[in-house]
$ cat query.cif   # mmCIF, C-alpha atoms
data_query
loop_
_atom_site.label_atom_id
_atom_site.label_comp_id
_atom_site.auth_asym_id
_atom_site.auth_seq_id
_atom_site.Cartn_x
_atom_site.Cartn_y
_atom_site.Cartn_z
CA MET O 1 -6.74 -99.63 227.27
CA ASN O 2 -3.67 -97.68 228.37
CA VAL O 3 -2.77 -96.82 224.78
CA ARG O 4 -6.29 -95.60 224.07
CA ALA O 5 -6.32 -93.48 227.23
CA SER O 6 -2.97 -91.95 226.29
CA ASN O 7 -4.21 -91.16 222.81
CA ASP O 8 -7.39 -89.64 224.25
CA ASP O 9 -5.33 -87.46 226.59
CA ASN O 10 -3.15 -86.24 223.74
CA SER O 11 -6.11 -85.53 221.49
CA ALA O 12 -7.88 -83.69 224.33
CA ARG O 13 -5.02 -81.26 224.67
CA PRO O 14 -5.87 -77.91 223.05
CA PRO O 15 -3.72 -77.19 219.99
CA HIS O 16 -1.03 -74.57 220.31
CA GLY O 17 1.04 -74.82 217.16
CA TRP O 18 2.39 -72.31 214.69
CA ARG O 19 -0.99 -71.44 213.24
CA GLN O 20 -2.38 -70.51 216.63
CA ALA O 21 0.78 -68.51 217.42
CA LEU O 22 0.48 -66.64 214.11
CA LEU O 23 -3.13 -65.82 214.87
CA ALA O 24 -2.25 -64.50 218.34
CA VAL O 25 0.57 -62.29 217.05
CA LEU O 26 -1.30 -61.00 213.99
CA THR O 27 -4.36 -60.14 216.04
CA GLY O 28 -2.31 -58.14 218.53
CA VAL O 29 -0.15 -56.36 215.95
CA LEU O 30 -3.05 -55.46 213.66
CA ALA O 31 -5.04 -54.10 216.59
CA MET O 32 -2.07 -51.96 217.63
CA VAL O 33 -1.59 -50.67 214.07
CA VAL O 34 -5.27 -49.79 213.71
CA THR O 35 -5.40 -48.06 217.11
CA ALA O 36 -2.25 -46.06 216.39
CA ALA O 37 -3.44 -45.13 212.87
CA LEU O 38 -6.82 -43.93 214.11
CA GLY O 39 -5.24 -41.95 216.93
CA LEU O 40 -2.71 -40.30 214.63
CA TRP O 41 -5.42 -39.61 212.05
CA ALA O 42 -7.49 -37.87 214.72
CA ALA O 43 -4.39 -35.89 215.70
CA GLY O 44 -3.96 -34.70 212.10
CA ALA O 45 -0.84 -36.72 211.27
CA THR O 46 -2.16 -37.69 207.83
CA GLY O 47 -1.00 -34.27 206.62
CA LEU O 48 2.67 -34.94 207.37
CA PRO O 49 4.91 -34.26 204.34
CA GLY O 50 6.59 -36.89 202.23
CA GLY O 51 4.09 -39.64 202.88
CA ALA O 52 5.34 -40.05 206.42
CA PHE O 53 2.09 -41.31 207.91
CA PRO O 54 2.79 -45.09 207.59
CA ALA O 55 6.26 -44.62 209.05
CA VAL O 56 4.89 -42.63 211.99
CA VAL O 57 2.24 -45.29 212.65
CA ALA O 58 4.91 -48.00 212.63
CA ALA O 59 7.08 -45.92 214.98
CA VAL O 60 4.21 -45.50 217.45
CA VAL O 61 3.55 -49.26 217.43
CA VAL O 62 7.25 -49.96 217.96
CA MET O 63 7.32 -47.64 220.97
CA ALA O 64 4.08 -49.13 222.29
CA ALA O 65 5.66 -52.61 222.15
CA GLY O 66 8.59 -51.43 224.26
CA GLY O 67 10.89 -50.69 221.33
CA SER O 68 13.19 -47.73 220.84
CA VAL O 69 12.88 -44.99 218.22
CA GLY O 70 15.81 -42.61 217.83
CA LEU O 71 15.67 -39.05 216.53
CA SER O 72 18.36 -37.46 214.39
CA GLY O 73 18.96 -34.13 212.70
CA ASP O 74 21.27 -32.31 210.33
CA ALA O 75 21.37 -28.51 210.21
CA GLY O 76 24.70 -27.85 208.54
CA SER O 77 28.27 -27.45 209.76
CA LEU O 78 27.77 -24.56 212.19
CA VAL O 79 24.41 -25.39 213.70
CA GLY O 80 23.73 -28.69 215.41
CA THR O 81 20.54 -30.41 216.47
CA GLN O 82 19.65 -32.17 219.67
CA ALA O 83 16.60 -34.37 219.90
CA ASP O 84 15.37 -37.17 222.12
CA LEU O 85 12.03 -38.83 222.69
CA SER O 86 10.97 -41.29 225.36
CA VAL O 87 7.26 -41.95 225.71
CA LEU O 88 5.02 -45.00 225.77
CA PRO O 89 1.63 -44.64 224.01
CA LEU O 90 -0.16 -46.79 226.54
CA SER O 91 -3.51 -46.99 224.72
CA VAL O 92 -1.77 -48.83 221.88
CA THR O 93 0.22 -50.88 224.38
CA LEU O 94 -2.88 -51.93 226.30
CA VAL O 95 -4.78 -53.03 223.19
CA GLY O 96 -1.88 -55.14 221.98
CA ALA O 97 -1.19 -56.66 225.39
CA LEU O 98 -4.81 -57.71 225.94
CA LEU O 99 -5.17 -59.36 222.53
CA VAL O 100 -1.78 -61.08 222.55
CA ALA O 101 -2.47 -62.39 226.05
CA ARG O 102 -5.90 -63.63 224.99
CA GLY O 103 -4.45 -65.43 221.98
CA PHE O 104 -1.72 -66.96 224.12
CA LEU O 105 -4.16 -68.24 226.75
CA ARG O 106 -6.87 -69.55 224.42
CA PRO O 107 -5.29 -72.99 223.74
CA LEU O 108 -4.35 -73.43 227.41
CA HIS O 109 -7.73 -73.04 229.09
CA HIS O 110 -9.53 -75.78 231.02
CA ARG O 111 -6.39 -77.46 232.23
CA ALA O 112 -5.04 -77.48 235.77
CA VAL O 113 -1.38 -78.30 235.13
CA ALA O 114 1.01 -77.94 232.21
CA GLU O 115 4.62 -78.96 231.90
CA ALA O 116 7.19 -76.19 231.88
CA ARG O 117 8.58 -77.51 228.58
CA GLU O 118 5.15 -77.29 226.97
CA LEU O 119 4.58 -73.69 228.12
CA ALA O 120 8.09 -72.71 227.03
CA GLY O 121 7.56 -74.22 223.58
CA TRP O 122 4.24 -72.45 223.11
CA ALA O 123 5.70 -69.14 224.30
CA GLY O 124 8.71 -69.66 222.03
CA ARG O 125 6.50 -69.93 218.93
CA VAL O 126 4.72 -66.71 219.85
CA ALA O 127 8.05 -64.99 220.56
CA ALA O 128 9.58 -66.07 217.24
CA LEU O 129 6.70 -64.61 215.25
CA TRP O 130 6.68 -61.52 217.47
CA ILE O 131 10.31 -60.86 216.54
CA VAL O 132 9.43 -61.07 212.85
CA ALA O 133 6.57 -58.60 213.35
CA LEU O 134 8.82 -56.18 215.26
CA LEU O 135 11.49 -56.44 212.58
CA VAL O 136 9.00 -55.55 209.83
CA LEU O 137 7.63 -52.63 211.84
CA SER O 138 11.14 -51.40 212.62
CA LEU O 139 12.09 -51.38 208.94
CA VAL O 140 8.99 -49.31 208.15
CA ALA O 141 9.48 -46.94 211.09
CA ARG O 142 11.99 -44.54 209.52
CA HIS O 143 11.54 -41.18 207.82
CA THR O 144 13.31 -37.85 207.34
CA PHE O 145 11.63 -34.43 207.21
CA THR O 146 13.10 -31.33 205.58
CA LEU O 147 12.17 -28.18 207.49
CA SER O 148 12.31 -24.49 206.65
CA ALA O 149 15.28 -22.70 208.20
CA GLU O 150 13.26 -19.51 208.57
CA ASP O 151 10.54 -21.33 210.49
CA LEU O 152 12.99 -23.01 212.81
CA THR O 153 14.86 -19.88 213.81
CA GLY O 154 12.10 -17.34 213.47
CA GLY O 155 14.09 -15.63 210.71
CA GLY O 156 16.79 -14.37 213.06
CA ALA O 157 19.47 -16.94 212.32
CA GLY O 158 18.25 -18.51 209.12
CA ASP O 159 21.34 -17.37 207.18
CA LEU O 160 23.62 -19.28 209.56
CA LEU O 161 22.18 -22.62 208.54
CA GLY O 162 23.11 -22.39 204.89
CA GLU O 163 20.60 -25.12 204.05
CA ASP O 164 17.24 -26.29 205.28
CA PRO O 165 17.64 -28.54 208.34
CA ARG O 166 16.53 -32.15 208.29
CA ILE O 167 15.19 -34.14 211.20
CA GLY O 168 14.23 -37.75 211.13
CA PHE O 169 13.47 -40.84 213.16
CA ARG O 170 14.23 -44.50 212.82
CA ALA O 171 13.66 -47.55 214.96
CA GLU O 172 16.81 -48.86 216.64
CA ILE O 173 16.41 -52.45 215.52
CA PRO O 174 18.69 -54.43 217.90
CA LEU O 175 17.46 -52.58 220.97
CA THR O 176 13.85 -52.81 219.77
CA LEU O 177 14.07 -56.58 219.38
CA VAL O 178 15.52 -57.02 222.87
CA LEU O 179 13.08 -54.67 224.57
CA GLY O 180 10.19 -56.02 222.52
CA LEU O 181 10.96 -59.55 223.69
CA LEU O 182 11.06 -58.36 227.30
CA TRP O 183 7.69 -56.64 226.75
CA LEU O 184 6.22 -59.84 225.33
CA ALA O 185 7.65 -61.93 228.17
CA GLY O 186 6.03 -59.61 230.70
CA VAL O 187 2.67 -59.84 228.93
CA LEU O 188 2.74 -63.66 228.74
CA VAL O 189 3.88 -64.13 232.33
CA LEU O 190 1.23 -61.71 233.59
CA ALA O 191 -1.41 -63.51 231.53
CA LEU O 192 -0.51 -66.83 233.15
CA ILE O 193 -0.54 -65.25 236.61
CA VAL O 194 -3.85 -63.42 236.23
CA SER O 195 -5.98 -66.04 234.51
CA ARG O 196 -7.51 -68.55 236.91
CA GLY O 197 -8.14 -70.99 234.05
CA ALA O 198 -4.54 -71.01 232.77
CA PRO O 199 -2.40 -74.04 233.72
CA LEU O 200 0.84 -73.73 235.62
CA PRO O 201 3.75 -76.12 236.13
CA ALA O 202 3.22 -78.35 239.16
CA ARG O 203 6.03 -76.68 241.11
CA LEU O 204 4.31 -73.28 240.89
CA LEU O 205 0.81 -74.37 241.91
CA ARG O 206 1.49 -73.63 245.59
CA PHE O 207 2.05 -69.93 244.79
CA GLN O 208 -1.14 -69.36 242.82
CA GLU O 209 -3.40 -68.88 245.84
CA ALA O 210 -1.37 -65.90 247.03
CA VAL O 211 -0.42 -64.38 243.67
CA ARG O 212 -3.36 -64.84 241.30
CA PRO O 213 -6.11 -63.05 243.29
CA ALA O 214 -3.86 -60.02 243.87
CA ALA O 215 -2.69 -59.89 240.24
CA PHE O 216 -6.24 -60.18 238.94
CA ALA O 217 -7.39 -57.38 241.26
CA MET O 218 -4.63 -55.06 240.04
CA VAL O 219 -5.44 -55.70 236.38
CA ALA O 220 -9.10 -55.06 237.16
CA LEU O 221 -8.13 -51.81 238.92
CA LEU O 222 -6.13 -50.57 235.93
CA LEU O 223 -8.87 -51.50 233.46
CA ALA O 224 -11.51 -49.82 235.65
CA CYS O 225 -9.47 -46.61 235.53
CA VAL O 226 -9.34 -46.85 231.74
CA ALA O 227 -13.09 -47.47 231.55
CA LEU O 228 -13.77 -44.37 233.64
CA GLY O 229 -11.40 -42.43 231.41
CA VAL O 230 -13.29 -43.50 228.31
CA ILE O 231 -16.58 -42.35 229.88
CA ALA O 232 -15.03 -39.03 230.85
CA GLY O 233 -13.62 -38.61 227.33
CA ILE O 234 -17.01 -39.21 225.74
CA VAL O 235 -18.58 -36.66 228.09
CA VAL O 236 -15.90 -34.13 227.16
CA MET O 237 -16.50 -34.69 223.45
CA ILE O 238 -20.24 -34.16 223.89
CA THR O 239 -20.13 -31.17 226.22
CA ARG O 240 -16.98 -29.29 225.24
CA GLY O 241 -16.43 -30.18 221.61
CA HIS O 242 -12.96 -30.82 220.16
CA PRO O 243 -13.87 -34.42 219.21
CA ALA O 244 -10.76 -35.01 217.10
CA GLU O 245 -8.32 -33.96 219.82
CA THR O 246 -10.18 -35.94 222.48
CA ALA O 247 -10.30 -39.03 220.27
CA ALA O 248 -6.55 -38.75 219.68
CA VAL O 249 -5.94 -38.74 223.43
CA LEU O 250 -8.26 -41.72 223.96
CA LEU O 251 -6.62 -43.76 221.21
CA LEU O 252 -3.01 -42.93 222.00
CA GLY O 253 -2.51 -41.96 225.63
CA LEU O 254 -5.59 -42.49 227.78
CA PRO O 255 -3.90 -44.90 230.25
CA ASN O 256 -1.03 -42.41 230.55
CA LEU O 257 -3.54 -39.92 231.99
CA VAL O 258 -5.81 -42.11 234.09
CA TRP O 259 -3.03 -44.18 235.64
CA LEU O 260 -1.16 -40.95 236.43
CA ALA O 261 -4.36 -39.74 238.10
CA LEU O 262 -4.49 -42.99 240.11
CA THR O 263 -1.03 -42.35 241.57
CA LEU O 264 -1.92 -38.71 242.31
CA GLY O 265 -5.05 -39.84 244.15
CA LEU O 266 -2.90 -42.16 246.26
CA GLY O 267 -0.75 -39.17 247.27
CA ALA O 268 2.17 -39.47 244.85
CA SER O 269 4.02 -36.46 243.45
CA TRP O 270 5.49 -36.03 239.99
CA GLU O 271 7.94 -33.50 238.57
CA GLY O 272 7.51 -32.05 235.13
CA LYS O 273 8.07 -29.25 232.70
CA VAL O 274 6.46 -28.06 229.49
CA GLU O 275 8.46 -25.53 227.52
CA GLY O 276 8.05 -24.16 224.02
CA PRO O 277 5.36 -25.07 221.51
CA PHE O 278 5.42 -28.71 222.55
CA GLY O 279 2.76 -29.80 224.97
CA LEU O 280 1.08 -32.76 226.53
CA PRO O 281 -2.37 -33.94 225.38
CA VAL O 282 -3.71 -33.36 228.87
CA PRO O 283 -6.46 -31.32 230.56
CA GLN O 284 -5.75 -27.60 230.72
CA VAL O 285 -5.27 -27.63 234.49
CA LEU O 286 -2.41 -30.11 234.14
CA ASP O 287 -0.72 -28.14 231.37
CA THR O 288 -0.99 -24.95 233.45
CA VAL O 289 0.77 -26.53 236.42
CA LEU O 290 3.60 -27.88 234.26
CA ARG O 291 4.13 -24.83 232.03
CA THR O 292 6.46 -22.85 234.30
CA PRO O 293 10.05 -21.63 233.81
CA ASP O 294 11.43 -24.15 236.29
CA LEU O 295 10.69 -27.76 237.13
CA SER O 296 7.18 -27.99 238.58
CA THR O 297 5.74 -30.29 241.23
CA LEU O 298 2.59 -32.10 240.20
CA ASN O 299 0.37 -33.37 243.00
CA LEU O 300 -3.11 -32.90 244.39
CA SER O 301 -2.17 -29.65 246.13
CA THR O 302 -0.77 -27.93 243.05
CA LEU O 303 -3.66 -29.16 240.91
CA ALA O 304 -6.24 -28.03 243.48
CA GLU O 305 -4.80 -24.52 243.34
CA GLN O 306 -6.03 -24.41 239.74
CA ASP O 307 -9.26 -26.36 240.20
CA GLY O 308 -10.63 -27.39 243.59
CA ARG O 309 -12.68 -30.21 242.10
CA VAL O 310 -9.46 -32.20 241.73
CA ARG O 311 -9.71 -33.16 245.41
CA TRP O 312 -12.57 -35.50 244.53
CA LEU O 313 -9.92 -37.66 242.93
CA VAL O 314 -9.04 -38.98 246.38
CA VAL O 315 -12.60 -40.24 246.86
CA VAL O 316 -12.67 -41.92 243.44
CA VAL O 317 -9.31 -43.59 244.01
CA ALA O 318 -10.34 -44.74 247.49
CA VAL O 319 -13.45 -46.42 246.09
CA LEU O 320 -11.53 -48.09 243.25
CA VAL O 321 -8.69 -49.37 245.43
CA SER O 322 -11.08 -50.60 248.12
CA ALA O 323 -13.12 -52.44 245.49
CA ALA O 324 -9.93 -54.03 244.16
CA ALA O 325 -8.96 -55.12 247.68
CA PHE O 326 -12.39 -56.69 248.21
CA LEU O 327 -12.15 -58.46 244.85
CA MET O 328 -8.74 -59.84 245.79
CA ALA O 329 -10.01 -61.09 249.14
CA ALA O 330 -13.17 -62.60 247.63
CA ARG O 331 -11.08 -64.61 245.15
CA SER O 332 -8.63 -65.77 247.82
CA PRO O 333 -9.04 -68.99 249.81
CA ALA O 334 -11.19 -68.69 252.93
CA ARG O 335 -8.29 -69.67 255.16
CA THR O 336 -6.32 -66.53 254.24
CA ARG O 337 -5.87 -64.35 257.33
CA LEU O 338 -6.58 -60.62 257.46
CA TRP O 339 -2.93 -59.67 257.82
CA GLN O 340 -2.12 -61.78 254.77
CA HIS O 341 -4.75 -59.90 252.76
CA ALA O 342 -3.13 -56.66 253.87
CA VAL O 343 0.37 -57.79 252.90
CA HIS O 344 -0.76 -59.20 249.55
CA MET O 345 -2.58 -55.98 248.68
CA ALA O 346 0.35 -53.81 249.77
CA VAL O 347 2.81 -55.75 247.63
CA ALA O 348 0.47 -55.85 244.63
CA LEU O 349 -0.41 -52.14 244.76
CA THR O 350 3.23 -51.15 245.23
CA LEU O 351 4.28 -53.16 242.16
CA THR O 352 1.38 -51.66 240.20
CA VAL O 353 2.41 -48.10 241.08
CA LEU O 354 6.01 -48.97 240.22
CA PHE O 355 4.85 -50.10 236.78
CA ILE O 356 2.89 -46.87 236.29
CA CYS O 357 5.87 -44.76 237.35
CA LEU O 358 8.11 -46.51 234.83
CA ALA O 359 5.57 -46.60 231.98
CA ALA O 360 3.98 -43.14 232.25
CA ARG O 361 7.12 -41.00 232.42
CA ILE O 362 7.78 -38.73 229.45
CA SER O 363 10.91 -37.10 228.10
CA ALA O 364 11.05 -35.13 224.84
CA HIS O 365 13.39 -32.39 223.66
CA TYR O 366 14.29 -30.72 220.39
CA GLY O 367 16.48 -27.73 219.76
CA LEU O 368 19.16 -26.12 217.62
CA SER O 369 22.54 -24.98 218.94
CA LEU O 370 25.20 -22.73 217.43
CA LEU O 371 28.61 -24.40 217.62
CA GLY O 372 27.22 -26.60 220.37
CA LEU O 373 26.38 -23.69 222.68
CA GLY O 374 22.79 -23.13 223.78
CA ASP O 375 19.50 -23.29 221.93
CA LEU O 376 18.72 -20.96 219.07
CA GLY O 377 15.02 -21.31 219.92
CA GLY O 378 12.54 -20.90 217.14
CA ALA O 379 9.22 -22.51 216.40
CA LEU O 380 10.26 -26.11 217.07
CA GLY O 381 12.54 -25.75 220.08
CA GLY O 382 11.10 -27.04 223.31
CA GLU O 383 11.08 -29.61 226.07
CA VAL O 384 8.50 -31.84 227.73
CA ALA O 385 9.34 -33.87 230.83
CA LEU O 386 7.32 -35.80 233.39
CA ARG O 387 8.82 -38.13 235.97
CA PRO O 388 7.70 -39.45 239.37
CA ARG O 389 9.13 -39.03 242.81
CA LEU O 390 9.45 -42.76 243.00
CA TRP O 391 9.99 -43.59 246.65
CA THR O 392 7.21 -41.31 247.84
CA ALA O 393 4.80 -42.93 245.37
CA LEU O 394 5.77 -46.45 246.45
CA GLY O 395 5.47 -45.55 250.12
CA PHE O 396 1.92 -44.22 249.70
CA ALA O 397 1.01 -47.30 247.64
CA ALA O 398 2.23 -49.65 250.37
CA LEU O 399 0.28 -47.75 253.03
CA TRP O 400 -2.93 -47.74 250.97
CA GLY O 401 -2.45 -51.43 250.24
CA LEU O 402 -2.11 -52.38 253.90
CA VAL O 403 -5.22 -50.46 254.95
CA THR O 404 -7.49 -51.43 252.05
CA GLY O 405 -6.24 -55.02 252.06
CA PHE O 406 -7.21 -55.43 255.71
CA LEU O 407 -10.61 -53.80 255.17
CA GLY O 408 -11.24 -55.78 251.99
CA GLY O 409 -10.45 -59.04 253.78
CA LEU O 410 -12.78 -58.05 256.59
CA ALA O 411 -15.60 -57.31 254.15
CA ALA O 412 -14.99 -60.56 252.26
CA THR O 413 -15.69 -62.62 255.38
CA ARG O 414 -19.38 -62.01 254.69
CA VAL O 415 -19.28 -63.74 251.30
CA HIS O 416 -18.76 -67.40 250.47
CA ARG O 417 -15.25 -68.02 249.18
CA ARG O 418 -13.35 -70.89 247.64
CA GLY O 419 -12.35 -73.51 250.19
CA GLU O 420 -14.85 -72.34 252.80
CA VAL O 421 -16.71 -75.01 254.74
CA VAL O 422 -20.38 -74.25 255.41
CA GLU O 423 -21.45 -75.36 258.88
CA PRO O 424 -24.73 -77.34 258.99
CA GLU O 425 -27.74 -75.77 260.68
CA PRO O 426 -28.32 -76.75 264.34
CA GLY O 427 -30.34 -79.94 264.67
CA ARG O 428 -29.72 -80.95 261.07
CA ARG O 429 -27.33 -83.79 260.26
CA PRO O 430 -25.08 -83.40 257.25
CA PRO O 431 -25.82 -85.83 254.41
CA GLY O 432 -23.86 -89.03 254.42
CA PRO O 433 -21.75 -90.40 251.59
CA GLY O 434 -24.69 -92.26 250.10
CA ALA O 435 -27.32 -89.57 250.60
CA ASP O 436 -28.99 -87.94 247.68
CA ALA O 437 -27.84 -84.45 246.74
#
$ encode --input "query.cif" --output "C-alpha cells"
Amino acid sequence: MNVRASNDDNSARPPHGWRQALLAVLTGVLAMVVTAALGLWAAGATGLPGGAFPAVVAAVVVMAAGGSVGLSGDAGSLVGTQADLSVLPLSVTLVGALLVARGFLRPLHHRAVAEARELAGWAGRVAALWIVALLVLSLVARHTFTLSAEDLTGGGAGDLLGEDPRIGFRAEIPLTLVLGLLWLAGVLVLALIVSRGAPLPARLLRFQEAVRPAAFAMVALLLACVALGVIAGIVVMITRGHPAETAAVLLLGLPNLVWLALTLGLGASWEGKVEGPFGLPVPQVLDTVLRTPDLSTLNLSTLAEQDGRVRWLVVVVAVLVSAAAFLMAARSPARTRLWQHAVHMAVALTLTVLFICLAARISAHYGLSLLGLGDLGGALGGEVALRPRLWTALGFAALWGLVTGFLGGLAATRVHRRGEVVEPEPGRRPPGPGADA
C-alpha cells in the first residue's frame, strides 16, 4: 500500500523536464523576436543597408532580455567617434517575461508545497536553455554600417575624414549572459511570488500571505497601465493617422511611456534632454519639454504648461493605484490589520516605482570629434537622455502607498476574504459536525 501510494504521488507530480523547459524558452524567445521584428518593420528598419534587419532584431531582443549591446565607430586617424546606447524596449521585455513565466509555472500548478531542490532543478533547466538562446541571439546581433562622410559632417569637414566612417554594434556576450541570467532569475522569482497556485518551499510559506497579494496587485497595476496605453494608441491611430509610427511605439516601447506616466502621476520628476536629429517616440508635448538647450525637468507642471489636459493624469493614477490597493487587501487574509495593508502597499509601490526608474531610463549619444575635441555635428550627431530624480519618486510612492493601502484595506472590510469567519444569524444555531451541508 505504501509503495503504491508513493508511486501515485510521483506520477501525480506535473512533469517539468527538458522538453517542458525547451517549450517555455522557445515560446518566450520567439514571441520576443516576432514583437521586435514587427515593431522595427513598422518603424521602417527593413530598409537598413547591408541586410542589417535580422541583426537589429536580434540586438533589440538582447537588450530586452537585459543584455548589453555596444556601439563602435571608425572615422579615420584624425576624426574619432563616440557612441553609447542604453535603453530597454519594454514592450519586447514584457511579452517575453509573461510567456517565460507562464511556461515556468505551468508544470507547478495545483500544488501547495515544493522542495527547494525541485524548484532549483526546474529553474536550472530553463536557465541552461535560456543561456543557449541568448548566445545565439548575441552572435546574430552584430553589424557594421558604412556612412557617407558628406552626410555626417554636412559637407563642411568631409575632407578631413579621408574615408567614409563606419559605425556598428555588437552584443557584448559575457555581459549579456550574466545580465540575461539575472533578468531570467527576476522573472522566475516574481512568477513564483505572484501566482497563488505556484508551490513554495515549506520554509517560505509563512511569507506568502504578506507578499503575494501585494506583488499580484503591483503586476495588475502595471498591466492595467499597458492596457490603457494600448487603447490610447488605437484611438490615436484612428483619429490622428500615422499608424506605422504608432504601431512601432506600441510594439517596442509602450510600457516605457505608460509606466513613466504612472510615476509622473504620482508626483515624480524626471530629467531629460533631446538634442539633434535623434528623438524619443513620444507624444509631441513630451518631446517639446525635453528639446531644450539645457537639461530639462519633466513633471506634471512642465507638461501642463504645454497641455493642461495632462493634469487629468493625477486622477487616472489615483483610480488605478486605489484599485490596486483594494485588490491587494481583498486577496489578503481577513486578519490583516489596516496599518499592515498600508505598510504592505507602501513597500510594494515603492519597489514598483524603483523598478520603473531603473528600467525606463534612456541614454543615447553619437557624435564625431576632431582630434578628440568637441563634436563636429552633422546629420547624425545628437543626444537623448532621460533619468529620474530617484529619491523624490520613491518618497511620493511610499506616501501614496500608505494612504491608498489604508483606504483599500478599509474598503475591503465590506467583502468576504480568505480566512474570514462568518458569524451565524441571531437565533440560528450553526450546523453541527454531522449536519447536512
$ residues_around --input "query.cif" --residues "segment 313-330 of chain O" --least-positions-apart "2" --cutoff "10 Å" --atoms "only C-alpha atoms" --output "ChimeraX atom specification"
/O:210-222,224-225,261-267,300,309-311,332-334,336-338,340-342,344-346,348-349,400-418
$ closest_residue --input "query.cif" --among "O:Ala120, O:Val113, O:Ala37, O:Leu251" --to "Arg203 of chain O" --atoms "all atoms listed in the file"
O:Val113
$ closest_residue --input "query.cif" --among "O:Pro107, O:Gly121, O:Gly51, O:Gly253" --to "Ala36 of chain O" --atoms "all atoms listed in the file"
O:Gly253
$ closest_residue --input "query.cif" --among "O:Arg125, O:Leu182, O:Val25, O:Val140" --to "Val60 of chain O" --atoms "only C-alpha atoms"
O:Val140
$ atom_distance --input "query.cif" --atom1 "atom CA of Arg106 of chain O" --atom2 "atom CA of Phe207 of chain O"
22.2 Å
$ resolve_selection --input "query.cif" --expression "the PyMOL selection byres ((chain O and resi 172) around 10)" --output "JSON, numbers by chain"
{"O": [62, 67, 68, 69, 70, 71, 138, 139, 141, 142, 169, 170, 171, 173, 174, 175, 176, 177]}
$ atom_distance --input "query.cif" --atom1 "atom CA of Pro293 of chain O" --atom2 "atom CA of Val87 of chain O"
22.1 Å
$ closest_residue --input "query.cif" --among "O:Leu399, O:Ala198, O:Leu250, O:Leu386" --to "Pro89 of chain O" --atoms "only C-alpha atoms"
O:Leu250
$ residues_around --input "query.cif" --residues "Thr292 of chain O" --least-positions-apart "3" --cutoff "12 Å" --atoms "all atoms listed in the file" --output "list of chain:residue names"
O:Glu271, O:Gly272, O:Lys273, O:Val274, O:Glu275, O:Gly276, O:Leu286, O:Asp287, O:Thr288, O:Val289, O:Leu295, O:Ser296, O:Thr297, O:Leu298, O:Glu383, O:Val384, O:Ala385
$ closest_residue --input "query.cif" --among "O:Ser86, O:Thr27, O:Thr46, O:Gln20" --to "Val126 of chain O" --atoms "only C-alpha atoms"
O:Gln20
$ atom_distance --input "query.cif" --atom1 "atom CA of Leu90 of chain O" --atom2 "atom CA of Met63 of chain O"
9.4 Å
$ closest_residue --input "query.cif" --among "O:Leu192, O:Ile234, O:Cys357, O:Ala58" --to "Arg102 of chain O" --atoms "all atoms listed in the file"
O:Leu192
$ residues_around --input "query.cif" --residues "Gly28 of chain O" --least-positions-apart "4" --cutoff "7 Å" --atoms "all atoms listed in the file" --output "list in words"
Ala24, Met32, Gly96, Leu99 and Val100 of chain O
$ axis_aligned_box --input "query.cif" --around "segment 228-245 of chain O" --padding-each-side "6 Å" --output "lines of an AutoDock Vina configuration file"
center_x = -14.3
center_y = -36.8
center_z = 225.4
size_x = 23.9
size_y = 27.1
size_z = 28.5
$ resolve_selection --input "query.cif" --expression "the PyMOL selection byres ((chain O and resi 247) around 12)" --output "ChimeraX atom specification"
/O:35-44,91,229-238,241-246,248-254,281
